[in-house]
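Notes follow once the structure below has been shown.
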Amino acid sequence: EAYTCTCIREHPNKKQFVVQSNGNYIAIFTTQSPYKLNKSKRFEGHQVCAFQIGCSISSYDGSLIISGSADGSIHIYDWYSSKSLQIIKLHNAACTDAVFHPQSNSIIATCSWDQTINILH
């Protein structure tokens with residue numbers, strides 16, 4: 001990975017992990033050494049812009065990935081197609097993290113530099 005990374009999360013399948021990059025995308029790597037970058041798939045559309053932006057993978061089945069964004073929104077991506085499913089503007093400053101509830105993909109918590117926390121359900 002050519003850029004610095006702000007977040008690393010393991011996929012529930014234990015075969016891959018994702019890396020939030022300061023290049024404004026999330027890259028996918030294998031968990032077996034030597035770690036191989038999946039060059040054909042990545043998640044793009046959100047902005048990192050040198051903020052410590054986090055991401056999360058749905059813990060139930062790993063079918064969704066979510067990321068905060070420097071523009072105050074969250075981006076929800078489909079794991080299999082890597083397409084953006086939804087963008088939701090929640091904050092007036094950088095959304096520094098977004099996580100799925102461990103038992104329910106329909107509940108999302110976010111936090112921001114605007115000193116707010118949001119719970120979506």
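Residue numbers start at 1 in each chain; chains themselves are named A, B, ... in the order of the structure tokens; ligands are numbered from 1 in the order shown.
Residues in contact with A:Glu44 at 8 Å, where only C-alpha atoms are counted and same-chain residues fewer than 4 positions away are skipped, are listed as Asn24, Tyr25, Ile26 and Ser84 of chain A.
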Excluding same-chain residues fewer than 5 positions from A:Ala94, what lies within 6 Å of it counting only C-alpha atoms, as number ranges by chain? A: 69-72, 112-113
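Atom to atom, atom CA of A:Ser73 and atom CA of A:Ile88 stand 5.3 Å apart.
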Considering only strand (DSSP E or B) as DSSP defines it on the backbone, what residues of chain A qualify? List them as a ChimeraX atom specification. /A:5-10,16-21,25-30,37-44,55-57,64-68,73-78,84-89,95-100,108-112,117-120
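Between atom CA of A:Asn118 and atom CA of A:Cys7 lies a distance of 20.0 Å.
Contact shell of A:Cys5 at 9 Å (only C-alpha atoms; same-chain neighbours under 3 positions omitted): Glu1, Ile8, Val19, Gln20, Ser21, Asn22, Gly23 and Gln52 of chain A.
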Atom CA of A:Gly45 to atom CA of A:Pro12, straight-line distance in Å: 23.2 Å
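The closest residue to A:Cys111, picked from A:Lys14, A:Thr6, A:Cys55, A:Asp61 and counting only C-alpha atoms, is A:Cys55.
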Please provide as an mmCIF file with C-alpha atoms, in the first residue's frame all residues within 9 Å of A:Thr110, with the sequence filter that same-chain residues fewer than 4 positions apart are discarded (counting only C-alpha atoms).
data_model
loop_
_atom_site.group_PDB
_atom_site.id
_atom_site.type_symbol
_atom_site.label_atom_id
_atom_site.label_comp_id
_atom_site.auth_asym_id
_atom_site.auth_seq_id
_atom_site.Cartn_x
_atom_site.Cartn_y
_atom_site.Cartn_z
ATOM 1 C CA GLY A 68 -16.634 7.607 7.659
ATOM 2 C CA ILE A 74 -20.847 7.780 5.899
ATOM 3 C CA LEU A 90 -24.663 13.061 9.252
ATOM 4 C CA CYS A 95 -16.995 11.648 10.356
ATOM 5 C CA THR A 96 -14.012 9.927 11.954
ATOM 6 C CA ASP A 97 -15.567 6.506 12.519
ATOM 7 C CA ALA A 98 -18.592 4.430 11.632
ATOM 8 C CA VAL A 99 -19.254 0.960 13.030
ATOM 9 C CA THR A 116 -21.357 14.519 18.032
ATOM 10 C CA ILE A 117 -22.261 10.844 18.089
ATOM 11 C CA ASN A 118 -25.093 9.441 15.987
ATOM 12 C CA ILE A 119 -26.897 6.113 16.286
ATOM 13 C CA LEU A 120 -28.815 5.060 13.165
#
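Using only C-alpha atoms, the protein and nucleic acid residues lying no more than 7 Å from A:Val18, apart from those fewer than 4 places from it along its own chain, are Ile8, Arg9, Glu10, Ile26, Ala27, Ile28 and Phe29 of chain A.
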Limited to N, CA, C and O atoms, could you put the picked residues into a file as a compact mmCIF listing (two decimals), in the first residue's frame?
# COMPACT_ATOMS: atom_id res chain seq x y z
N ILE A 8 -7.44 -0.70 10.12
CA ILE A 8 -7.36 -2.07 9.60
C ILE A 8 -8.45 -2.88 10.28
O ILE A 8 -8.61 -2.82 11.50
N ARG A 9 -9.21 -3.65 9.49
CA ARG A 9 -10.27 -4.50 10.03
C ARG A 9 -10.23 -5.87 9.34
O ARG A 9 -10.11 -5.95 8.12
N GLU A 10 -10.38 -6.92 10.13
CA GLU A 10 -10.42 -8.28 9.57
C GLU A 10 -11.85 -8.62 9.14
O GLU A 10 -12.81 -8.32 9.84
N ILE A 26 -10.49 2.08 0.32
CA ILE A 26 -10.25 0.96 1.22
C ILE A 26 -9.74 -0.20 0.37
O ILE A 26 -10.40 -0.60 -0.59
N ALA A 27 -8.57 -0.71 0.71
CA ALA A 27 -7.95 -1.81 -0.02
C ALA A 27 -8.20 -3.13 0.72
O ALA A 27 -8.43 -3.13 1.93
N ILE A 28 -8.13 -4.24 -0.02
CA ILE A 28 -8.35 -5.57 0.53
C ILE A 28 -7.06 -6.39 0.39
O ILE A 28 -6.45 -6.41 -0.69
N PHE A 29 -6.67 -7.07 1.47
CA PHE A 29 -5.48 -7.92 1.47
C PHE A 29 -5.84 -9.30 2.00
O PHE A 29 -6.79 -9.45 2.77
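Among the candidates A:Ser59, A:Gln115, A:Ile65, A:Leu85, the residue lying nearest to A:Gln103 is A:Ser59 (atoms considered: only C-alpha atoms).
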